[in-house]
file work25.tsv (TSV, C-alpha atoms)
chain	number	residue	atom	x	y	z
A	1	MET	CA	106.02	77.48	102.01
A	2	MET	CA	102.98	75.27	102.48
A	3	LEU	CA	100.73	73.37	100.10
A	4	ALA	CA	97.51	71.44	100.73
A	5	SER	CA	95.12	69.63	98.41
A	6	PHE	CA	91.83	67.95	99.22
A	7	HIS	CA	89.58	65.83	97.03
A	8	ASN	CA	86.13	67.33	96.45
A	9	SER	CA	84.63	64.55	98.57
A	10	LEU	CA	86.34	66.21	101.55
A	11	ALA	CA	85.85	69.88	100.71
A	12	HIS	CA	83.56	71.75	98.33
A	13	PRO	CA	85.04	75.13	97.38
A	14	PRO	CA	82.77	77.83	95.92
A	15	GLN	CA	81.76	77.15	92.34
A	16	GLU	CA	82.87	80.65	91.33
A	17	LEU	CA	86.48	79.70	92.05
A	18	ASN	CA	86.47	77.46	88.98
A	19	SER	CA	87.23	79.32	85.75
A	20	PRO	CA	84.78	78.44	82.95
A	21	SER	CA	87.34	79.17	80.24
A	22	GLY	CA	90.40	77.31	81.47
A	23	GLY	CA	92.77	79.43	79.38
A	24	ARG	CA	95.93	78.24	77.66
A	25	ARG	CA	97.41	76.73	80.84
A	26	ALA	CA	95.47	73.59	81.77
A	27	PRO	CA	95.18	72.68	85.47
A	28	LYS	CA	97.13	69.70	86.79
A	29	ASN	CA	96.22	66.81	89.04
A	30	PRO	CA	97.09	67.13	92.76
A	31	GLU	CA	99.77	64.42	92.52
A	32	GLU	CA	101.59	66.40	89.83
A	33	ILE	CA	101.30	69.64	91.80
A	34	LEU	CA	102.77	67.90	94.85
A	35	ARG	CA	105.67	66.47	92.81
A	36	GLU	CA	106.51	69.91	91.43
A	37	PHE	CA	106.40	71.35	94.95
A	38	HIS	CA	109.06	68.85	96.03
A	39	THR	CA	111.04	69.50	92.86
A	40	LEU	CA	111.21	73.19	93.73
A	41	HIS	CA	112.37	72.38	97.28
A	42	PRO	CA	114.24	69.06	97.02
A	43	ASP	CA	116.32	69.44	100.19
A	44	ASP	CA	113.96	70.70	102.87
A	45	SER	CA	110.35	69.89	101.89
A	46	PHE	CA	108.27	67.07	103.33
A	47	SER	CA	104.68	65.93	102.92
A	48	ALA	CA	101.95	63.74	104.38
A	49	THR	CA	99.49	62.05	102.05
A	50	PHE	CA	96.28	60.23	102.88
A	51	SER	CA	94.33	57.54	101.03
A	52	VAL	CA	91.13	59.62	100.94
A	53	GLY	CA	92.70	62.19	98.60
A	54	ALA	CA	94.30	64.66	101.00
A	55	ALA	CA	97.89	65.90	101.01
A	56	LEU	CA	99.84	68.40	103.10
A	57	ALA	CA	103.32	69.60	102.17
A	58	CYS	CA	105.56	72.11	103.91
A	59	VAL	CA	108.96	73.77	103.81
A	60	PRO	CA	109.65	74.69	107.45
A	61	SER	CA	111.10	78.10	108.21
A	62	GLN	CA	114.70	78.37	109.37
A	63	SER	CA	113.81	80.50	112.37
A	64	HIS	CA	110.84	80.35	114.75
A	65	TYR	CA	111.33	84.07	115.37
A	66	SER	CA	110.45	85.07	111.82
A	67	PRO	CA	107.19	87.04	111.43
A	68	LYS	CA	106.29	84.56	108.69
A	69	GLN	CA	107.39	81.37	110.42
A	70	ARG	CA	106.03	78.13	108.96
A	71	LEU	CA	105.03	75.37	111.37
A	72	PHE	CA	103.76	71.83	110.94
A	73	CYS	CA	102.19	69.91	113.79
A	74	SER	CA	100.15	66.71	114.23
A	75	LEU	CA	98.22	65.38	117.21
A	76	ASP	CA	95.66	62.57	117.43
A	77	ASP	CA	95.45	62.24	113.63
A	78	ILE	CA	94.86	65.99	113.23
A	79	TYR	CA	97.41	67.88	111.11
A	80	CYS	CA	98.00	71.62	110.93
A	81	MET	CA	100.25	73.87	108.86
A	82	PHE	CA	100.59	77.43	110.17
A	83	VAL	CA	102.26	80.52	108.71
A	84	GLY	CA	102.79	83.74	110.66
A	85	GLY	CA	102.49	84.37	114.37
A	86	LEU	CA	100.01	85.16	117.14
A	87	ASP	CA	100.72	88.22	119.28
A	88	ASN	CA	98.64	86.82	122.15
A	89	LEU	CA	99.96	83.24	121.98
A	90	CYS	CA	100.87	83.13	125.68
A	91	SER	CA	97.38	84.12	126.84
A	92	LEU	CA	95.75	81.68	124.41
A	93	ILE	CA	98.03	78.89	125.67
A	94	ARG	CA	96.79	79.57	129.20
A	95	GLN	CA	93.19	79.76	127.99
A	96	TYR	CA	93.38	76.33	126.35
A	97	GLY	CA	95.49	74.77	129.11
A	98	LEU	CA	98.49	73.97	126.92
A	99	SER	CA	102.12	73.69	127.97
A	100	LYS	CA	104.22	76.85	127.84
A	101	ASN	CA	106.29	75.62	124.88
A	102	ALA	CA	103.24	75.02	122.64
A	103	ASN	CA	103.40	76.72	119.24
A	104	GLU	CA	100.70	78.27	117.06
A	105	ALA	CA	100.02	75.11	115.04
A	106	LEU	CA	99.39	73.09	118.19
A	107	LEU	CA	97.14	75.85	119.51
A	108	VAL	CA	95.04	75.74	116.32
A	109	ILE	CA	94.64	71.98	116.74
A	110	GLU	CA	93.52	72.40	120.34
A	111	ALA	CA	91.09	75.20	119.42
A	112	TYR	CA	89.68	72.97	116.68
A	113	ARG	CA	89.29	70.04	119.07
A	114	THR	CA	87.50	72.29	121.55
A	115	LEU	CA	85.06	73.38	118.86
A	116	ARG	CA	84.58	69.84	117.60
A	117	ASP	CA	84.14	68.10	120.93
A	118	ARG	CA	82.83	70.67	123.38
A	119	GLY	CA	80.60	72.94	121.25
A	120	PRO	CA	78.38	74.48	120.29
A	121	TYR	CA	80.41	77.69	120.12
A	122	PRO	CA	80.77	80.11	117.20
A	123	ALA	CA	83.92	79.30	115.23
A	124	ASP	CA	84.13	82.94	114.16
A	125	GLN	CA	84.47	84.03	117.79
A	126	VAL	CA	87.36	81.62	118.34
A	127	LEU	CA	89.25	83.03	115.35
A	128	LYS	CA	88.52	86.61	116.43
A	129	ASP	CA	90.49	85.83	119.58
A	130	PHE	CA	93.59	85.13	117.45
A	131	GLY	CA	95.61	88.34	117.47
A	132	GLY	CA	98.29	88.67	114.81
A	133	SER	CA	99.05	87.81	111.20
A	134	PHE	CA	98.39	84.21	110.28
A	135	ALA	CA	97.24	81.63	107.78
A	136	PHE	CA	96.61	77.99	108.55
A	137	VAL	CA	95.29	74.80	107.01
A	138	LEU	CA	94.08	71.98	109.26
A	139	TYR	CA	93.05	68.47	108.30
A	140	ASP	CA	91.28	66.05	110.65
A	141	ASN	CA	92.02	62.65	109.09
A	142	GLU	CA	89.62	60.72	111.32
A	143	ALA	CA	86.66	62.99	110.62
A	144	GLY	CA	87.69	63.88	107.05
A	145	THR	CA	87.38	67.57	107.90
A	146	VAL	CA	89.21	70.52	106.34
A	147	PHE	CA	89.53	73.86	108.13
A	148	ALA	CA	91.50	76.86	106.82
A	149	ALA	CA	91.62	80.54	107.74
A	150	LEU	CA	93.45	83.79	106.96
A	151	SER	CA	93.86	86.77	109.28
A	152	PRO	CA	92.08	90.04	108.44
A	153	ASP	CA	95.23	92.18	108.06
A	154	GLY	CA	96.31	90.62	104.74
A	155	LYS	CA	100.00	90.47	105.72
A	156	ILE	CA	100.27	86.73	105.05
A	157	PRO	CA	99.63	85.70	101.43
A	158	LEU	CA	97.33	82.74	100.81
A	159	TYR	CA	95.81	81.45	97.58
A	160	TRP	CA	93.42	78.68	96.59
A	161	GLY	CA	92.36	77.07	93.37
A	162	ILE	CA	90.86	74.05	91.66
A	163	ALA	CA	93.01	71.19	90.32
A	164	ALA	CA	92.20	69.16	87.20
A	165	ASP	CA	90.22	66.55	89.16
A	166	GLY	CA	88.19	69.15	91.08
A	167	SER	CA	90.29	69.03	94.24
A	168	VAL	CA	90.78	72.27	96.13
A	169	VAL	CA	94.41	73.40	96.41
A	170	ILE	CA	95.60	75.89	99.05
A	171	CYS	CA	99.09	77.41	99.02
A	172	ASP	CA	100.95	80.51	100.16
A	173	ASP	CA	102.91	80.68	96.88
A	174	VAL	CA	101.00	82.20	93.98
A	175	GLY	CA	103.41	80.70	91.43
A	176	ILE	CA	102.55	77.15	92.50
A	177	ILE	CA	98.83	77.90	92.40
A	178	LYS	CA	99.06	79.44	88.92
A	179	ALA	CA	101.10	76.54	87.57
A	180	GLY	CA	98.86	73.92	89.14
A	181	CYS	CA	95.36	75.36	88.76
A	182	GLY	CA	95.54	77.31	85.49
A	183	LYS	CA	93.00	80.12	85.60
A	184	SER	CA	90.93	78.53	88.37
A	185	TYR	CA	92.56	80.30	91.30
A	186	ALA	CA	92.24	83.43	93.43
A	187	ALA	CA	93.56	84.99	96.60
A	188	PHE	CA	92.03	83.46	99.71
A	189	PRO	CA	89.81	86.19	101.21
A	190	THR	CA	91.19	87.91	104.28
A	191	GLY	CA	89.32	87.55	107.56
A	192	CYS	CA	87.65	84.39	106.28
A	193	MET	CA	87.52	80.70	107.14
A	194	PHE	CA	86.75	77.66	105.01
A	195	HIS	CA	85.29	74.51	106.54
A	196	SER	CA	84.17	71.22	105.01
A	197	GLU	CA	80.62	71.66	106.28
A	198	GLY	CA	80.20	75.41	106.64
A	199	GLY	CA	81.94	76.38	103.40
A	200	LEU	CA	83.48	79.83	103.06
A	201	LYS	CA	82.51	82.33	105.77
A	202	SER	CA	83.82	85.63	107.08
A	203	PHE	CA	84.84	85.35	110.73
A	204	GLU	CA	85.52	89.09	110.82
A	205	TYR	CA	81.94	89.89	109.75
A	206	PRO	CA	80.03	86.63	110.41
A	207	MET	CA	76.61	88.19	109.86
A	208	ASN	CA	77.42	89.40	106.34
A	209	LYS	CA	77.35	87.36	103.15
A	210	LEU	CA	80.34	86.96	100.87
A	211	ARG	CA	79.93	88.08	97.28
A	212	PRO	CA	81.99	86.59	94.41
A	213	MET	CA	83.70	89.27	92.34
A	214	PRO	CA	84.43	88.14	88.75
A	215	ARG	CA	88.07	88.53	87.76
A	216	VAL	CA	89.58	88.87	84.29
A	217	ASP	CA	93.34	88.67	83.75
A	218	SER	CA	95.55	90.65	81.37
A	219	GLU	CA	94.78	88.17	78.58
A	220	GLY	CA	91.06	88.88	78.91
A	221	VAL	CA	90.40	85.38	80.29
A	222	MET	CA	87.92	84.82	83.11
A	223	CYS	CA	89.68	83.58	86.26
A	224	GLY	CA	88.51	82.30	89.59
A	225	ALA	CA	86.50	84.90	91.49
A	226	ASN	CA	87.65	86.89	94.47
A	227	PHE	CA	85.27	86.98	97.43
A	228	LYS	CA	84.42	90.15	99.31
A	229	VAL	CA	82.20	90.84	102.29
A	230	ASP	CA	78.90	92.37	101.20
A	231	VAL	CA	78.35	95.08	103.80
A	232	TYR	CA	74.78	95.64	102.59
A	233	SER	CA	73.65	92.00	102.72
A	234	ARG	CA	73.20	90.43	106.13
A	235	ILE	CA	72.50	86.80	106.93
A	236	ASN	CA	69.03	86.54	108.46
A	237	SER	CA	69.20	83.27	110.32
A	238	MET	CA	69.68	81.45	113.56
A	239	PRO	CA	72.92	79.60	114.30
A	240	ARG	CA	72.96	75.97	113.21
A	241	VAL	CA	75.02	73.14	114.58
A	242	GLY	CA	76.72	70.93	111.97
A	243	SER	CA	75.39	67.40	111.59
A	244	SER	CA	78.63	65.54	112.26
A	245	THR	CA	80.40	68.08	114.46
A	246	ASN	CA	79.43	70.58	117.11
A	247	TRP	CA	80.63	73.58	115.16
A	248	THR	CA	78.23	76.51	115.02
A	249	PHE	CA	78.05	78.31	111.68
A	250	TRP	CA	75.80	81.08	110.50
A	251	ASP	CA	73.91	79.59	107.55
A	252	GLU	CA	71.78	81.83	105.33
A	253	SER	CA	69.75	78.82	104.16
A	254	VAL	CA	68.15	78.43	107.59
A	255	LEU	CA	65.15	80.65	108.25
call {"tool": "encode", "arguments": {"input": "work25.tsv", "output": "structure tokens"}}
result
Amino acid sequence: MMLASFHNSLAHPPQELNSPSGGRRAPKNPEEILREFHTLHPDDSFSATFSVGAALACVPSQSHYSPKQRLFCSLDDIYCMFVGGLDNLCSLIRQYGLSKNANEALLVIEAYRTLRDRGPYPADQVLKDFGGSFAFVLYDNEAGTVFAALSPDGKIPLYWGIAADGSVVICDDVGIIKAGCGKSYAAFPTGCMFHSEGGLKSFEYPMNKLRPMPRVDSEGVMCGANFKVDVYSRINSMPRVGSSTNWTFWDESVL
């Protein structure tokens, strides 16, 4: 199991993820959500917290051969939690010049560093090269950058929501998200990536916009919206390079 929370100064999730009604279950602060995570897994959970309002917590898997293995890796003040597996890990390791014993979390860090330092190159194309079922959350502590993604096949569950202080919370356990974010949560959209600067984008269909789909629960209360690719609405723009990184994102605001 993995849990991440980021203050809204680090990441700005879509406004539609925040439920206007709140419901009977009020959202909690990130510190309380993190404490309850450790309470649920007192023997094998660990976490890393940062003064800027970021936290990563993980329960590592017992076997690296599980199709839903959970990995945690850090390198040069970059931290990554990874769930799942990449079918083409060996070829990607050769492509990025990593050692043969590198795992998926380390590969994501290296791919991120390549995009950050050697761009411009479309981030969506990098993620399209990842073959398999996966979800990951990466945090660059030096740059204050958040990067998360979920594979298109939907085999790995991932959810996100809004905490009481406006922080974005990302977790692969829907129970923790419900308990921590009240009604302001939804499934993370498959085939999509979320970045501090670029926001939420589809890497599977990078030229199509994402449309929020309002969601009402069994109690008739408005919840955080799901996001779906709008196949009829294309982004008419040129690629733009982020101001503080060399990432290339397709931005519909640029004409």
call {"tool": "atom_distance", "arguments": {"input": "work25.tsv", "atom1": "atom CA of Glu197 of chain A", "atom2": "atom CA of Asp140 of chain A"}}
result
12.8 Å
call {"tool": "atom_distance", "arguments": {"input": "work25.tsv", "atom1": "atom CA of Thr145 of chain A", "atom2": "atom CA of Leu10 of chain A"}}
result
6.6 Å
call {"tool": "closest_residue", "arguments": {"input": "work25.tsv", "among": "A:Leu75, A:Lys209, A:Pro13, A:Ile33", "to": "Glu142 of chain A", "atoms": "all atoms listed in the file"}}
result
A:Leu75
call {"tool": "residues_around", "arguments": {"input": "work25.tsv", "residues": "Ile170 of chain A", "least_positions_apart": "2", "cutoff": "6 Å", "atoms": "only C-alpha atoms", "output": "PyMOL selection string"}}
result
chain A and resi 3-4+159-160
call {"tool": "residues_around", "arguments": {"input": "work25.tsv", "residues": "segment 192-195 of chain A", "least_positions_apart": "4", "cutoff": "6 Å", "atoms": "all atoms listed in the file", "output": "short mmCIF file (atom, residue, chain, number, x, y, z; two decimals) with C-alpha atoms, in the coordinates of the input"}}
result
data_model
loop_
_atom_site.label_atom_id
_atom_site.label_comp_id
_atom_site.auth_asym_id
_atom_site.auth_seq_id
_atom_site.Cartn_x
_atom_site.Cartn_y
_atom_site.Cartn_z
CA VAL A 146 89.21 70.52 106.34
CA PHE A 147 89.53 73.86 108.13
CA ALA A 148 91.50 76.86 106.82
CA ALA A 149 91.62 80.54 107.74
CA LEU A 150 93.45 83.79 106.96
CA GLY A 199 81.94 76.38 103.40
CA LEU A 200 83.48 79.83 103.06
CA LYS A 201 82.51 82.33 105.77
CA SER A 202 83.82 85.63 107.08
CA PHE A 203 84.84 85.35 110.73
#
call {"tool": "closest_residue", "arguments": {"input": "work25.tsv", "among": "A:Phe227, A:Tyr232, A:Phe82, A:Phe136", "to": "Pro189 of chain A", "atoms": "only C-alpha atoms"}}
result
A:Phe227
call {"tool": "closest_residue", "arguments": {"input": "work25.tsv", "among": "A:Glu36, A:Asp230, A:Glu104, A:Asp173", "to": "Leu89 of chain A", "atoms": "all atoms listed in the file"}}
result
A:Glu104
call {"tool": "residues_around", "arguments": {"input": "work25.tsv", "residues": "segment 17-31 of chain A", "least_positions_apart": "3", "cutoff": "8 Å", "atoms": "all atoms listed in the file", "output": "list in words"}}
result
Ser5, Pro13, Pro14, Leu34, Arg35, Gly161, Ile162, Ala163, Ala164, Asp165, Ser167, Val169, Ala179, Gly180, Cys181, Gly182, Lys183, Ser184, Tyr185, Ala186, Val221, Met222, Cys223, Gly224, Ala225 and Asn226 of chain A
call {"tool": "decode", "arguments": {"input": "work25.tsv", "residues": "segment 106-127 of chain A", "atoms": "N, CA, C and O atoms", "output": "short mmCIF file (atom, residue, chain, number, x, y, z; two decimals), in the first residue's frame"}}
result
data_model
loop_
_atom_site.label_atom_id
_atom_site.label_comp_id
_atom_site.auth_asym_id
_atom_site.auth_seq_id
_atom_site.Cartn_x
_atom_site.Cartn_y
_atom_site.Cartn_z
N LEU A 106 13.42 2.92 -9.47
CA LEU A 106 14.65 3.60 -9.88
C LEU A 106 14.58 4.01 -11.34
O LEU A 106 15.06 5.09 -11.72
N LEU A 107 13.97 3.18 -12.17
CA LEU A 107 13.80 3.53 -13.58
C LEU A 107 12.95 4.78 -13.74
O LEU A 107 13.27 5.67 -14.55
N VAL A 108 11.86 4.88 -12.98
CA VAL A 108 11.00 6.07 -13.06
C VAL A 108 11.79 7.31 -12.67
O VAL A 108 11.67 8.37 -13.32
N ILE A 109 12.61 7.21 -11.64
CA ILE A 109 13.44 8.35 -11.23
C ILE A 109 14.39 8.76 -12.36
O ILE A 109 14.54 9.94 -12.67
N GLU A 110 15.01 7.79 -12.99
CA GLU A 110 15.95 8.10 -14.07
C GLU A 110 15.23 8.69 -15.28
O GLU A 110 15.74 9.62 -15.92
N ALA A 111 14.04 8.16 -15.60
CA ALA A 111 13.26 8.73 -16.70
C ALA A 111 12.86 10.16 -16.39
O ALA A 111 12.91 11.05 -17.25
N TYR A 112 12.47 10.41 -15.14
CA TYR A 112 12.12 11.77 -14.72
C TYR A 112 13.33 12.70 -14.84
O TYR A 112 13.22 13.82 -15.33
N ARG A 113 14.49 12.25 -14.38
CA ARG A 113 15.68 13.09 -14.45
C ARG A 113 16.06 13.39 -15.90
O ARG A 113 16.52 14.50 -16.22
N THR A 114 15.86 12.42 -16.78
CA THR A 114 16.14 12.65 -18.20
C THR A 114 15.23 13.72 -18.75
O THR A 114 15.67 14.63 -19.48
N LEU A 115 13.94 13.65 -18.41
CA LEU A 115 13.00 14.67 -18.87
C LEU A 115 13.32 16.03 -18.27
O LEU A 115 13.25 17.06 -18.95
N ARG A 116 13.68 16.05 -17.01
CA ARG A 116 13.95 17.31 -16.32
C ARG A 116 15.21 17.99 -16.82
O ARG A 116 15.24 19.22 -17.00
N ASP A 117 16.25 17.21 -17.06
CA ASP A 117 17.57 17.79 -17.30
C ASP A 117 17.98 17.80 -18.76
O ASP A 117 18.84 18.60 -19.14
N ARG A 118 17.40 16.93 -19.58
CA ARG A 118 17.89 16.79 -20.95
C ARG A 118 16.82 17.08 -22.00
O ARG A 118 17.04 16.84 -23.17
N GLY A 119 15.66 17.58 -21.58
CA GLY A 119 14.56 17.85 -22.50
C GLY A 119 14.93 18.92 -23.51
O GLY A 119 16.06 19.36 -23.56
N PRO A 120 13.99 19.40 -24.34
CA PRO A 120 12.58 19.01 -24.23
C PRO A 120 12.27 17.68 -24.94
O PRO A 120 12.83 17.36 -25.96
N TYR A 121 11.36 16.93 -24.33
CA TYR A 121 10.89 15.67 -24.89
C TYR A 121 9.52 15.41 -24.30
O TYR A 121 9.31 15.63 -23.12
N PRO A 122 8.56 14.97 -25.11
CA PRO A 122 7.20 14.79 -24.58
C PRO A 122 7.14 13.75 -23.48
O PRO A 122 7.52 12.60 -23.66
N ALA A 123 6.65 14.16 -22.31
CA ALA A 123 6.52 13.23 -21.19
C ALA A 123 5.57 12.10 -21.53
O ALA A 123 5.74 10.97 -21.06
N ASP A 124 4.55 12.38 -22.34
CA ASP A 124 3.60 11.32 -22.70
C ASP A 124 4.28 10.21 -23.48
O ASP A 124 3.95 9.04 -23.32
N GLN A 125 5.26 10.56 -24.31
CA GLN A 125 5.94 9.54 -25.09
C GLN A 125 6.79 8.64 -24.20
O GLN A 125 6.89 7.43 -24.42
N VAL A 126 7.40 9.22 -23.16
CA VAL A 126 8.18 8.43 -22.22
C VAL A 126 7.29 7.40 -21.53
O VAL A 126 7.65 6.22 -21.41
N LEU A 127 6.12 7.82 -21.08
CA LEU A 127 5.22 6.90 -20.37
C LEU A 127 4.62 5.87 -21.32
O LEU A 127 4.32 4.75 -20.89
#
